[in-house]
$ cat upload_20.cif   # mmCIF, C-alpha atoms
data_run
#
loop_
_atom_site.label_atom_id
_atom_site.label_comp_id
_atom_site.auth_asym_id
_atom_site.auth_seq_id
_atom_site.Cartn_x
_atom_site.Cartn_y
_atom_site.Cartn_z
CA MET A 1 15.05 -20.26 -0.15
CA SER A 2 12.03 -17.95 -0.04
CA LYS A 3 10.30 -17.48 3.29
CA PRO A 4 7.15 -19.50 4.02
CA VAL A 5 3.75 -17.80 4.06
CA VAL A 6 1.34 -17.82 6.99
CA ILE A 7 -2.16 -18.72 5.79
CA ALA A 8 -4.83 -17.08 7.95
CA VAL A 9 -8.35 -18.43 7.60
CA ALA A 10 -11.24 -16.22 8.74
CA ILE A 11 -13.80 -18.93 9.17
CA THR A 12 -17.08 -17.20 10.07
CA GLY A 13 -17.06 -13.42 10.51
CA SER A 14 -20.10 -11.48 11.62
CA VAL A 15 -21.94 -10.82 8.34
CA PRO A 16 -22.51 -14.01 6.26
CA ARG A 17 -25.37 -16.32 7.21
CA LYS A 18 -26.09 -19.95 6.42
CA ALA A 19 -28.77 -18.66 4.05
CA ASP A 20 -25.90 -17.13 2.04
CA ASN A 21 -23.74 -20.25 2.11
CA PRO A 22 -24.75 -23.42 4.00
CA ALA A 23 -21.06 -24.23 4.59
CA LEU A 24 -20.69 -21.29 6.96
CA PRO A 25 -19.74 -22.67 10.40
CA VAL A 26 -21.84 -21.09 13.16
CA THR A 27 -21.93 -23.37 16.20
CA ALA A 28 -18.77 -24.14 18.16
CA ALA A 29 -18.75 -27.71 16.84
CA GLU A 30 -19.09 -26.52 13.25
CA GLN A 31 -16.33 -23.95 13.72
CA ILE A 32 -13.96 -26.52 15.20
CA GLU A 33 -14.63 -28.99 12.40
CA SER A 34 -14.31 -26.38 9.65
CA THR A 35 -11.10 -25.00 11.11
CA GLN A 36 -9.58 -28.46 11.47
CA GLU A 37 -10.24 -29.09 7.78
CA ALA A 38 -8.65 -25.72 6.91
CA PHE A 39 -5.68 -26.49 9.19
CA GLU A 40 -5.13 -29.82 7.45
CA ALA A 41 -5.29 -27.99 4.10
CA GLY A 42 -2.49 -25.61 5.12
CA ALA A 43 -3.85 -22.84 7.37
CA SER A 44 -1.68 -21.94 10.37
CA LEU A 45 -3.80 -19.11 11.85
CA ALA A 46 -7.55 -19.05 12.51
CA HIS A 47 -9.43 -15.77 12.94
CA ILE A 48 -12.45 -16.42 15.17
CA HIS A 49 -15.83 -14.73 15.52
CA VAL A 50 -18.65 -16.41 17.41
CA ARG A 51 -22.40 -16.21 16.93
CA ASN A 52 -25.51 -16.37 19.06
CA ASP A 53 -28.03 -19.13 18.37
CA ASP A 54 -29.83 -16.82 15.92
CA GLU A 55 -26.54 -16.29 14.01
CA SER A 56 -26.14 -12.71 15.23
CA PRO A 57 -22.62 -11.65 16.34
CA SER A 58 -21.68 -12.45 19.92
CA SER A 59 -19.04 -11.34 22.41
CA ASP A 60 -19.81 -14.17 24.85
CA PRO A 61 -16.44 -15.22 26.35
CA ASP A 62 -17.73 -18.75 26.93
CA ARG A 63 -18.48 -19.20 23.24
CA PHE A 64 -15.00 -18.02 22.31
CA ALA A 65 -13.50 -20.33 24.94
CA ALA A 66 -15.39 -23.34 23.60
CA VAL A 67 -14.04 -22.80 20.09
CA GLN A 68 -10.52 -22.18 21.35
CA GLU A 69 -10.55 -25.35 23.47
CA GLY A 70 -11.56 -27.45 20.48
CA LEU A 71 -8.99 -25.89 18.19
CA ARG A 72 -6.16 -26.43 20.64
CA ARG A 73 -7.20 -30.06 20.96
CA HIS A 74 -7.64 -30.83 17.26
CA CYS A 75 -5.17 -28.43 15.58
CA PRO A 76 -1.80 -28.65 17.36
CA GLY A 77 0.19 -25.42 17.11
CA LEU A 78 -2.52 -23.49 15.25
CA ILE A 79 -2.46 -19.75 16.05
CA VAL A 80 -5.85 -18.84 17.54
CA GLN A 81 -6.84 -15.22 16.93
CA PHE A 82 -10.02 -13.76 18.46
CA SER A 83 -11.87 -10.90 16.81
CA THR A 84 -12.50 -7.72 18.79
CA GLY A 85 -14.35 -6.29 15.79
CA GLY A 86 -17.42 -4.19 16.25
CA ARG A 87 -20.20 -5.10 13.83
CA GLY A 88 -23.24 -6.00 15.90
CA ARG A 89 -21.29 -6.08 19.19
CA ASP A 90 -21.50 -3.84 22.26
CA PRO A 91 -18.21 -1.88 22.39
CA SER A 92 -17.90 -2.46 26.14
CA ALA A 93 -18.04 -6.25 25.57
CA ARG A 94 -15.63 -6.56 22.66
CA GLY A 95 -12.61 -7.15 24.89
CA LEU A 96 -14.22 -9.59 27.34
CA PRO A 97 -13.04 -12.80 25.59
CA LEU A 98 -9.39 -11.70 25.85
CA LYS A 99 -9.26 -13.12 29.39
CA HIS A 100 -9.06 -16.56 27.76
CA ARG A 101 -5.64 -15.60 26.40
CA PRO A 102 -5.79 -16.49 22.71
CA ASP A 103 -2.50 -16.24 20.87
CA MET A 104 -3.64 -13.12 19.01
CA ALA A 105 -6.59 -10.76 18.63
CA SER A 106 -7.57 -8.28 15.97
CA LEU A 107 -7.27 -4.60 16.87
CA SER A 108 -8.68 -1.80 14.72
CA THR A 109 -7.02 1.55 15.43
CA GLY A 110 -9.61 3.94 14.05
CA SER A 111 -13.14 4.39 12.75
CA VAL A 112 -14.26 3.99 9.14
CA ASN A 113 -17.38 3.91 6.97
CA PHE A 114 -18.75 0.45 6.21
CA PRO A 115 -21.57 -0.39 3.75
CA THR A 116 -24.42 0.60 6.09
CA ILE A 117 -22.80 1.71 9.36
CA VAL A 118 -19.88 3.63 10.79
CA TYR A 119 -17.45 1.08 12.22
CA GLU A 120 -16.61 3.04 15.34
CA ASN A 121 -13.32 2.62 17.17
CA HIS A 122 -12.84 5.73 19.27
CA ALA A 123 -9.43 6.43 20.77
CA GLY A 124 -10.38 5.38 24.30
CA LEU A 125 -11.72 2.03 23.14
CA VAL A 126 -8.60 1.34 21.05
CA THR A 127 -6.36 2.14 24.01
CA ASP A 128 -8.45 -0.03 26.34
CA LEU A 129 -8.37 -3.02 23.98
CA ALA A 130 -4.61 -2.66 23.46
CA ALA A 131 -4.07 -2.48 27.23
CA ARG A 132 -6.16 -5.62 27.79
CA MET A 133 -4.18 -7.47 25.13
CA ARG A 134 -0.95 -6.48 26.83
CA GLU A 135 -2.36 -7.54 30.23
CA PHE A 136 -3.31 -11.01 29.00
CA GLY A 137 -0.27 -11.57 26.78
CA VAL A 138 -2.31 -11.47 23.56
CA ARG A 139 -0.46 -10.35 20.43
CA PRO A 140 -2.49 -7.88 18.35
CA GLU A 141 -3.05 -7.97 14.62
CA ILE A 142 -3.57 -4.34 13.60
CA GLU A 143 -6.45 -3.93 11.14
CA ILE A 144 -5.90 -1.09 8.68
CA PHE A 145 -9.06 0.21 6.99
CA ASP A 146 -7.61 3.68 6.31
CA LEU A 147 -4.14 5.24 6.01
CA SER A 148 -4.60 7.11 9.29
CA HIS A 149 -4.96 3.79 11.10
CA LEU A 150 -1.27 3.10 10.50
CA HIS A 151 -0.46 6.21 12.50
CA GLY A 152 -2.89 5.01 15.17
CA ALA A 153 -0.76 1.90 15.43
CA LYS A 154 2.39 3.99 15.68
CA ARG A 155 0.86 5.93 18.58
CA LEU A 156 0.23 2.64 20.39
CA VAL A 157 3.88 1.72 19.90
CA GLU A 158 4.97 5.11 21.23
CA ALA A 159 2.69 4.65 24.26
CA GLY A 160 4.26 1.27 25.01
CA LEU A 161 0.98 -0.60 24.50
CA ILE A 162 2.30 -2.70 21.62
CA ASP A 163 5.85 -3.51 20.57
CA GLU A 164 7.75 -2.24 17.54
CA ARG A 165 7.04 -5.39 15.54
CA PRO A 166 3.25 -5.47 15.15
CA HIS A 167 1.51 -7.69 12.64
CA VAL A 168 -0.49 -5.44 10.30
CA GLN A 169 -3.34 -6.32 7.95
CA PHE A 170 -4.47 -4.03 5.16
CA VAL A 171 -8.17 -4.53 4.39
CA LEU A 172 -9.16 -3.66 0.82
CA GLY A 173 -12.51 -3.82 -0.87
CA VAL A 174 -14.95 -2.97 1.93
CA GLN A 175 -17.65 -0.77 0.41
CA ASN A 176 -17.21 2.89 1.48
CA ALA A 177 -13.74 2.18 2.92
CA MET A 178 -10.48 1.53 1.01
CA PRO A 179 -11.08 0.10 -2.48
CA ALA A 180 -9.14 -2.89 -3.77
CA GLU A 181 -6.72 -0.98 -6.00
CA GLU A 182 -3.12 -2.09 -6.46
CA PRO A 183 -1.51 1.39 -6.29
CA LEU A 184 -3.23 1.93 -2.95
CA LEU A 185 -1.55 -1.16 -1.51
CA ASP A 186 1.81 0.26 -2.57
CA ILE A 187 1.06 3.53 -0.77
CA LEU A 188 0.03 1.69 2.40
CA LEU A 189 3.02 -0.62 2.30
CA GLY A 190 5.40 2.27 1.73
CA GLU A 191 4.01 4.12 4.74
CA LEU A 192 4.19 0.99 6.89
CA ARG A 193 7.84 0.51 6.02
CA ARG A 194 8.55 4.17 6.73
CA ILE A 195 6.98 4.40 10.19
CA LEU A 196 6.96 0.77 11.43
CA PRO A 197 9.87 -0.85 9.59
CA ARG A 198 9.91 -3.98 11.76
CA ALA A 199 6.26 -4.85 11.24
CA THR A 200 5.08 -8.01 9.52
CA TRP A 201 2.15 -7.62 7.16
CA THR A 202 -0.66 -9.18 5.19
CA ALA A 203 -3.59 -7.94 3.09
CA ALA A 204 -7.20 -9.08 2.90
CA GLY A 205 -9.46 -8.66 -0.12
CA ILE A 206 -13.23 -8.76 0.32
CA GLY A 207 -15.55 -10.82 -1.86
CA ARG A 208 -14.39 -11.34 -5.42
CA GLN A 209 -11.27 -9.31 -4.60
CA GLN A 210 -9.96 -12.01 -2.24
CA ALA A 211 -7.77 -13.83 -4.79
CA VAL A 212 -6.66 -10.62 -6.51
CA VAL A 213 -5.45 -8.95 -3.31
CA MET A 214 -3.74 -12.19 -2.28
CA ASP A 215 -1.72 -12.16 -5.51
CA TRP A 216 -0.76 -8.51 -4.99
CA ALA A 217 0.41 -9.28 -1.46
CA LEU A 218 2.41 -12.32 -2.50
CA ALA A 219 4.07 -10.37 -5.31
CA ARG A 220 5.29 -7.91 -2.67
CA GLY A 221 6.67 -10.53 -0.31
CA ALA A 222 3.90 -10.51 2.30
CA ASP A 223 4.46 -12.49 5.47
CA ALA A 224 0.91 -13.86 5.38
CA VAL A 225 -2.25 -14.11 3.30
CA ARG A 226 -5.87 -14.25 4.42
CA THR A 227 -8.75 -16.29 3.07
CA GLY A 228 -11.98 -17.76 4.42
CA LEU A 229 -15.75 -17.57 4.35
CA GLU A 230 -15.84 -14.40 6.47
CA ASP A 231 -14.58 -12.39 3.51
CA ASN A 232 -15.72 -14.43 0.54
CA ILE A 233 -18.40 -17.13 0.23
CA ARG A 234 -17.80 -17.95 -3.47
CA ILE A 235 -15.30 -19.73 -5.69
CA THR A 236 -16.76 -18.18 -8.83
CA LYS A 237 -19.70 -15.89 -9.48
CA ASP A 238 -21.86 -18.97 -10.02
CA ARG A 239 -20.48 -21.37 -7.38
CA LEU A 240 -20.40 -21.13 -3.61
CA ALA A 241 -17.31 -22.28 -1.73
CA ALA A 242 -17.79 -25.79 -0.35
CA SER A 243 -15.78 -25.04 2.80
CA ASN A 244 -13.08 -22.93 4.35
CA ALA A 245 -10.68 -25.71 3.41
CA GLU A 246 -11.48 -25.22 -0.29
CA LEU A 247 -10.56 -21.55 0.00
CA VAL A 248 -7.35 -22.47 1.83
CA GLY A 249 -6.53 -24.85 -1.01
CA LEU A 250 -6.75 -21.97 -3.48
CA ALA A 251 -4.42 -19.95 -1.26
CA VAL A 252 -1.91 -22.81 -1.25
CA GLU A 253 -2.01 -22.82 -5.06
CA ALA A 254 -1.48 -19.04 -5.18
CA ILE A 255 1.49 -19.29 -2.83
CA ALA A 256 3.03 -21.99 -5.05
CA ARG A 257 2.62 -19.81 -8.13
CA HIS A 258 4.78 -17.24 -6.37
CA GLY A 259 7.48 -19.81 -5.61
CA ARG A 260 6.74 -20.07 -1.91
CA ARG A 261 5.07 -22.56 0.43
CA PRO A 262 2.65 -22.46 3.37
CA ALA A 263 4.21 -21.98 6.79
CA THR A 264 4.00 -24.79 9.31
CA PRO A 265 2.46 -23.81 12.64
CA ALA A 266 5.94 -23.53 14.17
CA GLU A 267 7.15 -21.35 11.29
CA ALA A 268 4.04 -19.19 11.55
CA ARG A 269 4.64 -18.65 15.25
CA ALA A 270 8.25 -17.67 14.63
CA ALA A 271 7.26 -15.29 11.82
CA LEU A 272 4.68 -13.51 13.99
CA ALA A 273 6.86 -13.39 17.13
CA LEU A 274 4.70 -15.84 19.09
CA PRO A 275 5.96 -18.47 21.51
CA ALA A 276 6.37 -21.97 20.09
#
$ encode --input "upload_20.cif" --output "structure tokens"
Amino acid sequence: MSKPVVIAVAITGSVPRKADNPALPVTAAEQIESTQEAFEAGASLAHIHVRNDDESPSSDPDRFAAVQEGLRRHCPGLIVQFSTGGRGRDPSARGLPLKHRPDMASLSTGSVNFPTIVYENHAGLVTDLAARMREFGVRPEIEIFDLSHLHGAKRLVEAGLIDERPHVQFVLGVQNAMPAEEPLLDILLGELRRILPRATWTAAGIGRQQAVVMDWALARGADAVRTGLEDNIRITKDRLAASNAELVGLAVEAIARHGRRPATPAEARAALALPA
């Protein structure tokens, strides 16, 4: 029997606005409701950003805590993953929500060009975030925007800041960073298997590349896939996604085409080395 697939849903992000898609969940109540719908559709991991009242990105620990509390109440067993990403957030504040001990948090291990900014993750910040995650028992998901970031992860392993079985996400299709090209995924995956052979992995495609990258990942036996309104607000060029749950439904269909099935929350926790 083929192994189940963890479906991660990135529900909000820091870039889309309600003006882009009215279904985008911004308030804590909206995020909880949208995630519950996605959970019931098959998601077993939720990637969380929070917003200020004006929809700008926030690092407010209380806002993260409010979403986490609702998700733990309404989505039993769901893996809650906080973002420590940097768009629109003070670097010194990006790790503050970790004190609330989510199951996981994203961790970028190097800097990269984004469409209009440099997404800056200097070595000291990366080390500090990794140390905070270790302190609070938060399992990192390593975000790979460039080949060198894999070696940044390996350095964290060698320093004892993360274990030898990290969960790694390749991000393809961000303008000015790595393009969504299938041979590139093979290069990245080959390097991951060479230097971090015990890692689990997934890949995220941005915008219209979301479904394409998902198929590439599934064809290569990925442990997880990622979907959600953070990365893609459309079903087709002419139709907006109605909800995060609709995007999760498309992921479930893709997984079935590859002869696999969505992981239950318990299976997702086992796959990503998290406590039950």
$ closest_residue --input "upload_20.cif" --among "A:Leu229, A:Ala251, A:Pro16, A:Leu189" --to "Asp215 (chain A)" --atoms "all atoms listed in the file"
A:Ala251
$ axis_aligned_box --input "upload_20.cif" --around "region 143-157 of chain A" --padding-each-side "8 Å" --output "AutoDock Vina command-line options"
--center_x -2.6 --center_y 1.6 --center_z 13.2 --size_x 28.9 --size_y 27.0 --size_z 30.4
$ atom_distance --input "upload_20.cif" --atom1 "CA of Ser58 (chain A)" --atom2 "CA of Ala93 (chain A)"
9.1 Å
$ resolve_selection --input "upload_20.cif" --expression "the PyMOL selection byres ((chain A and resi 127) around 10)" --output "list in words"
Leu107, Thr109, Asn121, His122, Ala123, Gly124, Leu125, Val126, Asp128, Leu129, Ala130, Ala131, Arg132, Met133, Gly152, Arg155, Leu156, Ala159 and Leu161 of chain A
$ residues_around --input "upload_20.cif" --residues "Gln175 (chain A)" --least-positions-apart "5" --cutoff "12 Å" --atoms "all atoms listed in the file" --output "PyMOL selection string"
chain A and resi 112-119+145+180+205-207+209
$ closest_residue --input "upload_20.cif" --among "A:Asp146, A:Glu30, A:Glu141, A:Glu55" --to "Pro179 (chain A)" --atoms "all atoms listed in the file"
A:Asp146
$ residues_around --input "upload_20.cif" --residues "Ala29 (chain A)" --least-positions-apart "3" --cutoff "12 Å" --atoms "only C-alpha atoms" --output "ChimeraX atom specification"
/A:24-26,32-36,50,63-64,66-71,74
$ closest_residue --input "upload_20.cif" --among "A:Arg261, A:His167, A:Arg94, A:His47" --to "Gly228 (chain A)" --atoms "all atoms listed in the file"
A:His47
$ residues_around --input "upload_20.cif" --residues "region 96-104 of chain A" --least-positions-apart "5" --cutoff "6 Å" --atoms "only C-alpha atoms" --output "PDB file with C-alpha atoms, in the coordinates of the input"
ATOM      1  CA  PRO A  61     -16.440 -15.220  26.350  1.00  0.00           C
ATOM      2  CA  ILE A  79      -2.460 -19.750  16.050  1.00  0.00           C
ATOM      3  CA  VAL A  80      -5.850 -18.840  17.540  1.00  0.00           C
ATOM      4  CA  GLN A  81      -6.840 -15.220  16.930  1.00  0.00           C
ATOM      5  CA  PHE A 136      -3.310 -11.010  29.000  1.00  0.00           C
ATOM      6  CA  VAL A 138      -2.310 -11.470  23.560  1.00  0.00           C
ATOM      7  CA  ARG A 139      -0.460 -10.350  20.430  1.00  0.00           C
ATOM      8  CA  PRO A 140      -2.490  -7.880  18.350  1.00  0.00           C
TER       9      PRO A 140
END
$ closest_residue --input "upload_20.cif" --among "A:Leu272, A:Ala254, A:Leu147, A:Ala41" --to "Cys75 (chain A)" --atoms "only C-alpha atoms"
A:Ala41
$ atom_distance --input "upload_20.cif" --atom1 "CA of Ala270 (chain A)" --atom2 "CA of Ala224 (chain A)"
12.4 Å
$ atom_distance --input "upload_20.cif" --atom1 "CA of Arg87 (chain A)" --atom2 "CA of Ala268 (chain A)"
28.1 Å
$ residues_around --input "upload_20.cif" --residues "Met214 (chain A)" --least-positions-apart "3" --cutoff "9 Å" --atoms "all atoms listed in the file" --output "count of residues only"
16
$ closest_residue --input "upload_20.cif" --among "A:Asp186, A:Glu120, A:Glu191, A:Asp20" --to "Asn232 (chain A)" --atoms "all atoms listed in the file"
A:Asp20
$ closest_residue --input "upload_20.cif" --among "A:Gly86, A:Ala105, A:Leu192, A:Ile162" --to "Arg134 (chain A)" --atoms "all atoms listed in the file"
A:Ile162
$ resolve_selection --input "upload_20.cif" --expression "the PyMOL selection byres ((chain A and resi 14) around 6)" --output "list in words"
Gly13, Val15 and Pro57 of chain A
